[in-house]
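So this block is upload33.cif, mmCIF, C-alpha atoms:
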```cif
data_my_file
#
loop_
_atom_site.label_atom_id
_atom_site.label_comp_id
_atom_site.auth_asym_id
_atom_site.auth_seq_id
_atom_site.Cartn_x
_atom_site.Cartn_y
_atom_site.Cartn_z
CA MET A 6 -27.18 -20.67 -6.23
CA LYS A 7 -24.84 -18.27 -4.46
CA ASN A 8 -26.22 -15.56 -2.21
CA LYS A 9 -25.28 -11.95 -2.84
CA LEU A 10 -22.48 -10.66 -0.61
CA THR A 11 -23.52 -8.23 2.13
CA ILE A 12 -21.43 -6.12 4.51
CA LYS A 13 -22.48 -8.43 7.34
CA ASN A 14 -21.28 -11.48 5.37
CA LEU A 15 -18.07 -9.66 4.44
CA ILE A 16 -17.24 -9.03 8.10
CA LYS A 17 -17.97 -12.66 9.06
CA GLU A 18 -15.87 -13.97 6.16
CA ALA A 19 -12.98 -11.69 7.18
CA GLU A 20 -13.07 -13.11 10.71
CA ASP A 21 -13.12 -16.70 9.45
CA PHE A 22 -10.31 -15.93 7.01
CA CYS A 23 -8.06 -14.44 9.71
CA LEU A 24 -8.56 -17.39 12.04
CA ALA A 25 -7.94 -19.94 9.27
CA GLN A 26 -4.94 -18.22 7.69
CA SER A 27 -3.27 -17.69 11.07
CA LYS A 28 -2.97 -21.51 11.29
CA VAL A 29 -1.46 -21.96 7.81
CA GLN A 30 2.27 -22.44 7.24
CA HIS A 31 3.05 -20.53 4.03
CA LYS A 32 6.01 -22.00 2.14
CA GLU A 33 5.70 -19.38 -0.60
CA LEU A 34 6.17 -16.53 1.91
CA TYR A 35 9.25 -17.86 3.72
CA GLY A 36 11.97 -15.22 3.65
CA VAL A 37 9.77 -12.74 1.77
CA THR A 38 10.27 -9.18 3.01
CA ASP A 39 8.25 -7.41 0.31
CA GLY A 40 5.06 -6.30 2.02
CA LYS A 41 3.35 -5.78 -1.33
CA ALA A 42 3.92 -9.43 -2.28
CA VAL A 43 2.43 -10.60 1.03
CA GLY A 44 -0.49 -8.22 0.64
CA THR A 45 -1.24 -9.34 -2.92
CA LEU A 46 -1.29 -13.01 -1.88
CA ILE A 47 -3.64 -12.37 1.05
CA GLU A 48 -5.97 -10.18 -1.02
CA GLN A 49 -6.19 -12.80 -3.77
CA ARG A 50 -6.92 -15.60 -1.31
CA PHE A 51 -9.60 -13.60 0.47
CA GLN A 52 -11.20 -12.55 -2.82
CA LYS A 53 -11.25 -16.20 -3.91
CA GLN A 54 -12.94 -17.17 -0.63
CA LEU A 55 -15.62 -14.58 -1.29
CA SER A 56 -16.04 -15.57 -4.96
CA ASP A 57 -16.38 -19.26 -4.08
CA LYS A 58 -19.27 -18.57 -1.70
CA TYR A 59 -21.05 -15.43 -2.89
CA LYS A 60 -22.17 -13.45 -5.89
CA VAL A 61 -19.63 -10.66 -5.67
CA ARG A 62 -18.03 -8.16 -8.02
CA ILE A 63 -14.25 -8.12 -7.76
CA GLY A 64 -12.63 -4.90 -8.91
CA SER A 65 -9.76 -4.49 -11.35
CA SER A 66 -6.66 -2.34 -10.96
CA ALA A 67 -8.43 0.18 -13.21
CA SER A 68 -11.41 0.51 -10.84
CA GLY A 69 -9.06 1.04 -7.90
CA ILE A 70 -11.40 -0.57 -5.35
CA ASP A 71 -11.33 -4.31 -4.62
CA LEU A 72 -15.07 -4.70 -4.00
CA PRO A 73 -16.59 -1.87 -6.06
CA SER A 74 -20.31 -2.71 -6.11
CA VAL A 75 -22.40 0.16 -4.74
CA ASP A 76 -23.77 -1.84 -1.79
CA ILE A 77 -20.27 -3.02 -0.68
CA LEU A 78 -17.86 -0.32 -1.98
CA THR A 79 -14.91 -1.58 0.06
CA ASP A 80 -11.17 -1.59 -0.56
CA ILE A 81 -9.07 -4.34 1.02
CA LYS A 82 -5.84 -3.29 2.70
CA VAL A 83 -3.22 -5.75 3.99
CA THR A 84 -0.31 -4.47 6.05
CA SER A 85 2.30 -5.57 8.58
CA ILE A 86 1.94 -4.72 12.27
CA LYS A 87 5.53 -3.41 12.12
CA GLN A 88 4.30 -0.43 10.12
CA PRO A 89 0.53 -0.59 9.56
CA GLN A 90 0.12 1.67 6.57
CA SER A 91 -0.63 1.67 2.85
CA SER A 92 -1.29 4.09 0.02
CA CYS A 93 -4.40 4.96 -1.96
CA PRO A 94 -5.17 7.19 -4.97
CA PHE A 95 -5.45 10.93 -4.37
CA LYS A 96 -8.70 12.38 -5.71
CA ASP A 97 -9.06 15.72 -3.96
CA ALA A 98 -8.29 17.51 -0.70
CA LYS A 99 -11.77 16.84 0.70
CA GLN A 100 -10.85 13.19 1.26
CA LYS A 101 -8.67 14.18 4.21
CA ILE A 102 -11.64 15.94 5.81
CA TYR A 103 -14.71 14.01 4.67
CA GLY A 104 -13.22 10.57 4.06
CA LEU A 105 -12.04 8.54 1.10
CA GLY A 106 -15.53 7.92 -0.27
CA TYR A 107 -15.48 4.16 0.29
CA ASN A 108 -15.11 1.64 3.12
CA LEU A 109 -11.89 -0.10 4.14
CA LEU A 110 -11.30 -3.67 5.27
CA VAL A 111 -7.89 -3.61 6.95
CA PHE A 112 -5.98 -6.84 7.63
CA VAL A 113 -2.91 -6.42 9.87
CA TYR A 114 -0.54 -9.37 10.20
CA ASP A 115 2.58 -10.30 12.14
CA LYS A 116 4.80 -12.46 9.90
CA VAL A 117 7.10 -14.97 11.58
CA ASP A 118 9.47 -17.19 9.58
CA ASN A 119 10.20 -20.74 10.71
CA PRO A 120 13.77 -21.56 9.55
CA ARG A 121 13.44 -25.20 10.53
CA GLU A 122 10.39 -25.81 8.35
CA LYS A 123 11.22 -23.04 5.84
CA THR A 124 7.69 -21.71 6.15
CA ALA A 125 6.12 -18.44 7.31
CA ASN A 126 3.20 -17.91 9.64
CA LEU A 127 0.90 -14.91 9.29
CA ASN A 128 -0.72 -14.19 12.62
CA PHE A 129 -3.53 -11.72 12.02
CA VAL A 130 -3.35 -9.47 15.05
CA SER A 131 -5.98 -7.03 13.81
CA CYS A 132 -8.75 -6.85 11.25
CA SER A 133 -11.16 -3.94 11.07
CA PHE A 134 -14.01 -2.79 8.87
CA VAL A 135 -13.91 1.00 8.63
CA SER A 136 -17.02 2.67 7.25
CA LYS A 137 -16.36 5.42 4.71
CA VAL A 138 -17.65 8.02 7.19
CA ARG A 139 -14.64 7.26 9.46
CA THR A 140 -11.92 7.30 6.79
CA ALA A 141 -10.87 10.95 7.16
CA ASP A 142 -7.75 12.16 8.97
CA TYR A 143 -8.06 12.00 12.76
CA THR A 144 -6.17 15.15 13.76
CA THR A 145 -7.57 17.34 10.99
CA THR A 146 -11.19 16.44 11.66
CA TYR A 147 -10.74 16.64 15.43
CA ARG A 148 -9.33 20.15 15.26
CA LEU A 149 -11.88 21.37 12.70
CA ARG A 150 -14.73 20.10 14.86
CA GLU A 151 -13.24 21.90 17.86
CA MET A 152 -12.81 25.11 15.86
CA ILE A 153 -16.44 25.01 14.75
CA LYS A 154 -17.52 24.58 18.38
CA ASP A 155 -15.37 27.61 19.22
CA LYS A 156 -17.22 29.71 16.58
CA ALA A 157 -14.38 29.85 14.04
CA ASN A 158 -15.02 31.82 10.84
CA THR A 159 -14.00 31.17 7.23
CA ALA A 160 -10.64 32.92 7.62
CA ASP A 161 -9.82 30.81 10.69
CA ILE A 162 -10.60 27.59 8.80
CA ILE A 163 -8.55 28.68 5.76
CA SER A 164 -5.61 29.50 8.02
CA TYR A 165 -5.78 26.09 9.68
CA LEU A 166 -6.08 24.22 6.36
CA SER A 167 -3.06 26.16 5.05
CA ASP A 168 -1.06 25.29 8.17
CA ARG A 169 -1.94 21.60 7.60
CA ASN A 170 -0.72 21.88 3.99
CA ILE A 171 -4.04 20.73 2.58
CA PRO A 172 -3.33 20.36 -1.16
CA ALA A 173 -5.69 22.96 -2.66
CA ASP A 174 -5.41 26.35 -4.33
CA GLU A 175 -6.72 29.57 -2.76
CA ILE A 176 -10.16 29.48 -4.42
CA THR A 177 -10.70 25.81 -3.62
CA MET A 178 -9.55 26.40 -0.04
CA GLY A 179 -12.13 29.18 0.41
CA LYS A 180 -14.96 27.03 -0.93
CA LEU A 181 -13.82 24.13 1.24
CA ALA A 182 -13.74 26.33 4.36
CA ASP A 183 -17.29 27.54 3.72
CA HIS A 184 -18.45 23.95 3.20
CA ILE A 185 -16.78 22.83 6.45
CA LEU A 186 -18.62 25.51 8.41
CA GLN A 187 -21.94 24.55 6.81
CA THR A 188 -21.32 20.78 7.03
CA PRO A 189 -18.96 19.89 9.89
CA PRO A 190 -17.01 16.68 9.21
CA GLN A 191 -17.42 13.52 11.24
CA GLN A 192 -14.48 12.40 13.35
CA GLY A 193 -12.04 10.40 11.20
CA TYR A 194 -9.78 7.64 12.51
CA LEU A 195 -7.00 7.34 9.93
CA THR A 196 -3.75 9.26 9.74
CA ILE A 197 -3.51 10.57 6.18
CA SER A 198 -0.24 12.04 4.94
CA ASN A 199 0.00 14.24 1.85
CA ALA A 200 1.82 12.71 -1.14
CA LEU A 201 1.24 12.03 -4.83
CA GLN A 202 -0.91 9.27 -3.37
CA TRP A 203 -2.47 9.52 0.08
CA ARG A 204 -0.43 7.62 2.66
CA LEU A 205 -2.83 5.95 5.10
CA GLN A 206 -1.69 4.90 8.56
CA TYR A 207 -3.83 2.56 10.67
CA GLN A 208 -2.17 2.53 14.09
CA ARG A 209 -5.08 4.39 15.69
CA ILE A 210 -7.51 1.78 14.31
CA VAL A 211 -5.31 -1.13 15.46
CA ALA A 212 -4.99 0.27 18.98
CA LEU A 213 -8.63 1.35 19.29
CA GLU A 214 -10.24 -0.12 22.41
CA LYS A 215 -13.48 1.85 22.73
CA GLU A 216 -16.50 1.19 20.53
CA VAL A 217 -16.88 3.69 17.71
CA LYS A 218 -19.91 3.74 15.42
CA GLY A 219 -18.70 2.98 11.92
CA ILE A 220 -15.68 0.90 12.98
CA THR A 221 -16.01 -2.86 13.50
CA LYS A 222 -13.06 -4.53 15.21
CA ILE A 223 -13.31 -8.00 13.65
CA VAL A 224 -10.09 -9.44 15.09
CA SER A 225 -8.08 -7.61 17.72
CA TYR A 226 -5.51 -8.29 20.40
CA ASN A 227 -7.49 -5.74 22.45
CA LYS A 228 -10.71 -7.78 22.33
CA ALA A 229 -11.58 -10.15 25.12
CA LYS A 230 -11.19 -13.77 24.07
#
```

I'd like the structure from this file rewritten - as structure tokens, please.
Amino acid sequence: MKNKLTIKNLIKEAEDFCLAQSKVQHKELYGVTDGKAVGTLIEQRFQKQLSDKYKVRIGSSASGIDLPSVDILTDIKVTSIKQPQSSCPFKDAKQKIYGLGYNLLVFVYDKVDNPREKTANLNFVSCSFVSKVRTADYTTTYRLREMIKDKANTADIISYLSDRNIPADEITMGKLADHILQTPPQQGYLTISNALQWRLQYQRIVALEKEVKGITKIVSYNKAK
């Protein structure tokens, strides 16, 4: 009987997956430049690895999160080191300040084609588990936390949120500013750009060298071998 998947198991499986897949020569990815196609293949293979070994709920496109069970609540992101970013659904402006509301498992690969063998190698240069409490925007949360330390008031917070083009109307902005003063956000580590969908950038996570509670560097070129 399969054991139920845990966050600890998920992190270990991600490490094993990166190490194994970095040794595979992928014929089906030779010459492929579509990052979405690469990402879909990797996500499917990792989900299959999990399903083969554990009792795990795999999400659908309708659910929007790859591993949606309450105890895991993690979305899988696969991106190239050339531009480590992806998109995610926009729910409300608070996500930029208080996080997306779910964890992220971010695989970052460096794809190298081998013309002689007509295969492609995916070298996973980074893989990180980012707890939902760290999925807010770095600059926005950093500045808000500084402003609160400096005794900012509601008007100051509203002015800053407006300058950052936080997508919210005047009433919502006022309520959000009051909430920020009452409940200061934790420091986020993503770069989140406004769009119809949030655009998430992971360079800060990839380059992170210090230990941060809530971020597990599973595979990293910064880690000692």

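This file, filtered with the PyMOL selection byres ((chain A and resi 27-36) around 9), gives the residues A:Phe22, A:Cys23, A:Leu24, A:Ala25, A:Gln26, A:Val37, A:Thr38, A:Ala42, A:Val43, A:Tyr114, A:Val117, A:Asp118, A:Asn119, A:Pro120, A:Glu122, A:Lys123, A:Thr124, A:Ala125, A:Asn126, A:Leu127, A:Asn128, A:Phe129.
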
* Tell me, as an MDAnalysis selection string, which residues lie within 10 Å of Ser198 in chain A, counting all atoms listed in the file; anything in the same chain fewer than 2 positions away does not count. => chainID A and resid 92 101 142 170:171 195:196 200:206

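One distance worth recording is that between CA of Ile70 in chain A and CA of Thr140 in chain A, which is 14.5 Å.
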
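Compared by their closest atoms to Ile77 in chain A, and using only C-alpha atoms, the residues A:Leu181, A:Cys132, A:Ile16, A:Met6 rank with A:Ile16 nearest.
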
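Here, the PyMOL selection byres ((chain A and resi 175-177) around 12) matches Asp97, Ala98, Lys99, Ala160, Ile163, Ser164, Leu166, Ser167, Asn170, Ile171, Pro172, Ala173, Asp174, Met178, Gly179, Lys180, Leu181, Ala182, Asp183 and His184 of chain A.
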
* To do: Run through the PyMOL selection byres ((chain A and resi 103) around 8) on the given coordinates and return the selected residues as JSON, numbers by chain.
  => {"A": [99, 100, 101, 102, 104, 105, 106, 138, 140, 141, 190, 191, 193]}

For Ser133 in chain A, list every protein, DNA or RNA residue within 9 Å, evaluated using all atoms listed in the file, and leave out those in the same chain fewer than 5 positions away; present the list as a PDB file with C-alpha atoms, keeping the file's coordinate frame.
```
ATOM      1  CA  ILE A  16     -17.240  -9.030   8.100  1.00  0.00           C
ATOM      2  CA  ALA A  19     -12.980 -11.690   7.180  1.00  0.00           C
ATOM      3  CA  LEU A 109     -11.890  -0.100   4.140  1.00  0.00           C
ATOM      4  CA  LEU A 110     -11.300  -3.670   5.270  1.00  0.00           C
ATOM      5  CA  VAL A 111      -7.890  -3.610   6.950  1.00  0.00           C
ATOM      6  CA  PHE A 112      -5.980  -6.840   7.630  1.00  0.00           C
ATOM      7  CA  VAL A 113      -2.910  -6.420   9.870  1.00  0.00           C
ATOM      8  CA  ILE A 210      -7.510   1.780  14.310  1.00  0.00           C
ATOM      9  CA  VAL A 211      -5.310  -1.130  15.460  1.00  0.00           C
ATOM     10  CA  ILE A 220     -15.680   0.900  12.980  1.00  0.00           C
ATOM     11  CA  THR A 221     -16.010  -2.860  13.500  1.00  0.00           C
ATOM     12  CA  LYS A 222     -13.060  -4.530  15.210  1.00  0.00           C
ATOM     13  CA  ILE A 223     -13.310  -8.000  13.650  1.00  0.00           C
ATOM     14  CA  VAL A 224     -10.090  -9.440  15.090  1.00  0.00           C
ATOM     15  CA  SER A 225      -8.080  -7.610  17.720  1.00  0.00           C
TER      16      SER A 225
END
```

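Of the residues listed (A:Gly69, A:Leu186, A:Ser131, A:Arg139), A:Leu186 shows the shortest atom-to-atom separation from Met152 in chain A; distances use all atoms listed in the file.
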
* Structure fact -> Atom pair CA of Lys58 in chain A + CA of Val130 in chain A, distance 24.8 Å

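Going from CA of Lys137 in chain A to CA of Glu48 in chain A covers 19.6 Å.
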
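Proximity of A:Thr145, A:Gln208, A:Ser56, A:Thr84 to Asp115 in chain A, computed with all atoms listed in the file, is greatest for A:Thr84.
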
* For Gly40 in chain A, the nearest of the candidates A:Lys87, A:Thr146, A:Tyr194, A:Asp21, counting all atoms listed in the file -> A:Lys87

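Once only C-alpha atoms are considered, the residues situated within 12 Å of the file point (-22.2, -8.9, 5.1) turn out to be Asn8, Lys9, Leu10, Thr11, Ile12, Lys13, Asn14, Leu15, Ile16, Lys17, Glu18, Ala19, Glu20, Leu55, Tyr59, Lys60, Val61, Asp76, Ile77, Leu78, Thr79 and Phe134 of chain A.
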
Written-out range 185-202 of chain A (N, CA and C atoms) as a compact mmCIF listing (two decimals), in the first residue's frame:
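Result file is decode_35.txt:
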```txt
# COMPACT_ATOMS: atom_id res chain seq x y z
N ILE A 185 -2.59 46.13 6.30
CA ILE A 185 -1.13 46.04 6.30
C ILE A 185 -0.56 46.60 7.60
N LEU A 186 -1.12 47.70 8.07
CA LEU A 186 -0.64 48.30 9.32
C LEU A 186 -0.95 47.41 10.52
N GLN A 187 -2.10 46.74 10.48
CA GLN A 187 -2.48 45.84 11.58
C GLN A 187 -1.75 44.50 11.51
N THR A 188 -1.49 44.04 10.27
CA THR A 188 -0.85 42.73 10.07
C THR A 188 0.27 42.88 9.05
N PRO A 189 1.46 43.30 9.50
CA PRO A 189 2.57 43.50 8.57
C PRO A 189 2.89 42.22 7.80
N PRO A 190 3.17 42.32 6.51
CA PRO A 190 3.46 41.13 5.71
C PRO A 190 4.84 40.56 6.03
N GLN A 191 4.98 39.26 5.78
CA GLN A 191 6.31 38.66 5.86
C GLN A 191 7.09 39.02 4.61
N GLN A 192 8.41 38.93 4.69
CA GLN A 192 9.26 39.24 3.54
C GLN A 192 9.05 38.20 2.45
N GLY A 193 8.64 38.65 1.26
CA GLY A 193 8.49 37.76 0.11
C GLY A 193 9.80 37.64 -0.65
N TYR A 194 9.88 36.63 -1.54
CA TYR A 194 11.12 36.41 -2.29
C TYR A 194 10.91 36.24 -3.78
N LEU A 195 9.69 36.49 -4.28
CA LEU A 195 9.45 36.48 -5.71
C LEU A 195 9.46 37.91 -6.23
N THR A 196 9.60 38.04 -7.54
CA THR A 196 9.31 39.31 -8.20
C THR A 196 8.01 39.10 -8.96
N ILE A 197 6.98 39.86 -8.60
CA ILE A 197 5.65 39.67 -9.19
C ILE A 197 5.28 40.91 -9.98
N SER A 198 5.08 40.72 -11.27
CA SER A 198 4.71 41.83 -12.15
C SER A 198 3.22 41.81 -12.41
N ASN A 199 2.61 43.00 -12.47
CA ASN A 199 1.18 43.11 -12.74
C ASN A 199 0.89 42.74 -14.19
N ALA A 200 -0.17 41.98 -14.40
CA ALA A 200 -0.64 41.62 -15.74
C ALA A 200 -2.02 41.01 -15.56
N LEU A 201 -2.63 40.57 -16.68
CA LEU A 201 -3.91 39.87 -16.56
C LEU A 201 -3.71 38.63 -15.69
N GLN A 202 -2.53 38.01 -15.82
CA GLN A 202 -2.08 36.99 -14.90
C GLN A 202 -0.84 37.55 -14.21
```
